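To start, the structure itself, in structure tokens.
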Amino acid sequence: MKRNVRMEDISDGRLYDSSDMVKAGCMGCGSCCRGMGQSIILDPLDLQRIKKHLGIGFEGLMTDKIELNVVDGVILPNLRMAGPREQCSFLDEENRCRIHSARPGICRLFPLGRYYENQGFRYFLQVHECKNENPMKVKVKKWVDEEALKKYEAYIKRWHYFLKAVEETLETADDGLQRRINLYILQKFYIEDFSSDRDFYEQFEERIQTAVTELKK
């Protein structure tokens, strides 16, 4: 999701790598799980993890856990906010995440964000989003909490720049082609399961290579 903001207005002015130290911490207030609108966008790995964790397919999640919205021209799923407090449906009564081990990448990052440039990305710290006034210093890679971080970061870059290319294609596509492309992406990357018997990243790369070829036709 593109943000029309200046980095100096939302961050501490620094860009971080995974080996850097950053001030971050969670005090369990749950404020970052409320009022987020449509901003918790899910990538294919996010959805695969949630489906596996809950034992629920895409259609089941669509009943009350996720929803579809247009993000920079592309139809993508996001976590649904619900109730009078506009909170994530996975937040329990004690402000704890019911799917913490399978939580989405955006949730793992917070209050960090990703700054994309030169076919890659670095991390930045959002200074106005988290209510914790006394965060501790922690390494970015520990905070992100991804076992195979290098593979994960390569995947995130691949997915981001693939979507960026799709967005550029959709800008000049007619309604029929836009519909075909969006349905293809939803089907191949979200609705169809990835096998738990094979490495997710290998399967993703196979699918994205096929997608690049198919979407050029």
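Numbering starts fresh at 1 for the residues of each chain in the structure tokens, the chains themselves are lettered A, B, ... in the order given, and ligands are numbered from 1 as they appear.
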Review point. Got a sec: who's within 9 Å of Pro135 (chain A), counting only C-alpha atoms, leaving out chain neighbours fewer than 5 positions off, as a VMD selection string?
Key: chain A and resid 23 to 27
Practice item. Report the residues of region 42-167 of chain A whose backbone DSSP state falls under strand (DSSP E or B), written as a PyMOL selection string. Key: chain A and resi 66-71+74-79+81-82+87-88+91+97+112-117+120-126+136-139
Exercise for review: Give the answer as one residue: which of A:Arg207, A:Lys142, A:Arg80, A:His100 has the shortest atom-to-atom distance to Ser39 (chain A), using only C-alpha atoms?
Suggested key: A:Arg80
Exercise for review: List the neighbours of Phe90 (chain A) out to 8 Å using only C-alpha atoms; skip same-chain residues closer than 6 positions along the sequence, and give me the result as a PyMOL selection string.
Suggested key: chain A and resi 65+97-99
Atoms kept (C-alpha atoms) for selection, written as a PDB file, in the first residue's frame:
ATOM      1  CA  LYS A  65     -11.984 -12.917   9.361  1.00  0.00           C
ATOM      2  CA  CYS A  97      -3.677 -12.359  19.496  1.00  0.00           C
ATOM      3  CA  ARG A  98      -5.420 -15.695  18.976  1.00  0.00           C
ATOM      4  CA  ILE A  99      -3.115 -16.501  16.049  1.00  0.00           C
TER       5      ILE A  99
END
Practice item. Give me the residues within 10 Å of Leu112 (chain A) as a count of residues only, counting only C-alpha atoms and dropping any in the same chain fewer than 4 places off. Key: 18
Practice item. Extract the full set of alpha helix (DSSP H) residues from chain A according to DSSP on the backbone, and format it as JSON, numbers by chain. Key: {"A": [7, 8, 9, 10, 44, 45, 46, 47, 48, 49, 50, 51, 52, 53, 54, 58, 59, 60, 61, 62, 63, 64, 105, 106, 107, 108, 109, 140, 141, 142, 143, 144, 149, 150, 151, 152, 153, 154, 155, 156, 157, 158, 159, 160, 161, 162, 163, 164, 165, 166, 167, 168, 169, 170, 171, 175, 176, 177, 178, 179, 180, 181, 182, 183, 184, 185, 186, 200, 201, 202, 203, 204, 205, 206, 207, 208, 209, 210, 211, 212, 213, 214]}
So that I can check the surroundings of Ile208 (chain A), please list as a tab-separated table (two decimals) with N, CA and C atoms, in the first residue's frame every protein, DNA and RNA residue that reaches within 10 Å of it, counting only C-alpha atoms and ignoring chain neighbours fewer than 6 positions away.
chain	number	residue	atom	x	y	z
A	158	ARG	N	10.28	-10.00	-3.78
A	158	ARG	CA	9.73	-10.59	-5.00
A	158	ARG	C	8.25	-10.27	-5.14
A	159	TRP	N	7.50	-10.44	-4.06
A	159	TRP	CA	6.06	-10.19	-4.08
A	159	TRP	C	5.76	-8.71	-4.30
A	162	PHE	N	6.59	-7.69	-7.89
A	162	PHE	CA	5.63	-8.34	-8.79
A	162	PHE	C	4.33	-7.56	-8.80
A	185	ILE	N	-4.59	-13.76	-9.75
A	185	ILE	CA	-3.75	-13.55	-8.57
A	185	ILE	C	-4.42	-14.12	-7.33
A	188	LYS	N	-4.35	-18.16	-7.69
A	188	LYS	CA	-3.05	-18.82	-7.64
A	188	LYS	C	-2.27	-18.56	-6.36
A	189	PHE	N	-2.47	-17.39	-5.75
A	189	PHE	CA	-1.65	-17.04	-4.59
A	189	PHE	C	-2.39	-17.05	-3.26
A	214	GLU	N	2.12	-16.14	-17.71
A	214	GLU	CA	0.71	-16.15	-18.04
A	214	GLU	C	0.14	-14.75	-18.22
Review point. So, counting only C-alpha atoms, which residue among A:Cys88, A:Ala82, A:Ile156, A:Leu186 is closest to Tyr115 (chain A)?
Key: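 For Tyr115 (chain A), the nearest of the given residues is A:Ile156.
Here the question is which of A:Asn95, A:Gln38, A:Thr169, A:Thr63 gets nearest to Leu76 (chain A) using only C-alpha atoms, and that residue is A:Gln38.
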Review point. Quick one, how far is CA of Phe121 (chain A) from CA of Ser19 (chain A)?
Key: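 Between these atoms lies a distance of 13.8 Å.
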Mind running region 17-108 of chain A against region 170-183 of chain A at 9 Å and telling me each contacting residue's nearest atom pair with the distance in Å (one decimal), counting only C-alpha atoms, chain and number ascending, as a Markdown table?
| residue | atom | partner | partner_atom | distance |
| --- | --- | --- | --- | --- |
| A:Gly73 | CA | A:Leu170 | CA | 6.8 |
| A:Val74 | CA | A:Asn182 | CA | 6.4 |
| A:Ile75 | CA | A:Asn182 | CA | 6.0 |
| A:Leu76 | CA | A:Asn182 | CA | 8.5 |
Dump of C-alpha atoms for the selected residues, as a compact mmCIF listing (two decimals), in the first residue's frame:
# COMPACT_ATOMS: atom_id res chain seq x y z
CA GLY A 73 -5.39 -1.22 -8.40
CA VAL A 74 -4.94 -4.85 -7.27
CA ILE A 75 -7.59 -6.82 -5.35
CA LEU A 76 -5.96 -8.21 -2.19
Point to revise | From A:Ile41, A:Val5, A:Ala165, A:Ala211, residue lying nearest Val70 (chain A) [only C-alpha atoms] | key: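 Nearest candidate to Val70 (chain A) out of A:Ile41, A:Val5, A:Ala165, A:Ala211: A:Ile41.
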Check your understanding: Restricting the calculation to only C-alpha atoms, which member of A:Ser89, A:Asn134, A:Ser18, A:Gln119 is positioned closest to Glu146 (chain A)?
Key ->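 Checking each candidate against Glu146 (chain A), we get A:Ser18 as the closest.
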Practice item. Point out the residue among A:Cys29, A:Lys137, A:Gly57, A:Glu153 with the least atom-to-atom distance to Glu94 (chain A), counting only C-alpha atoms. Key: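 The closest residue to Glu94 (chain A) is A:Cys29.
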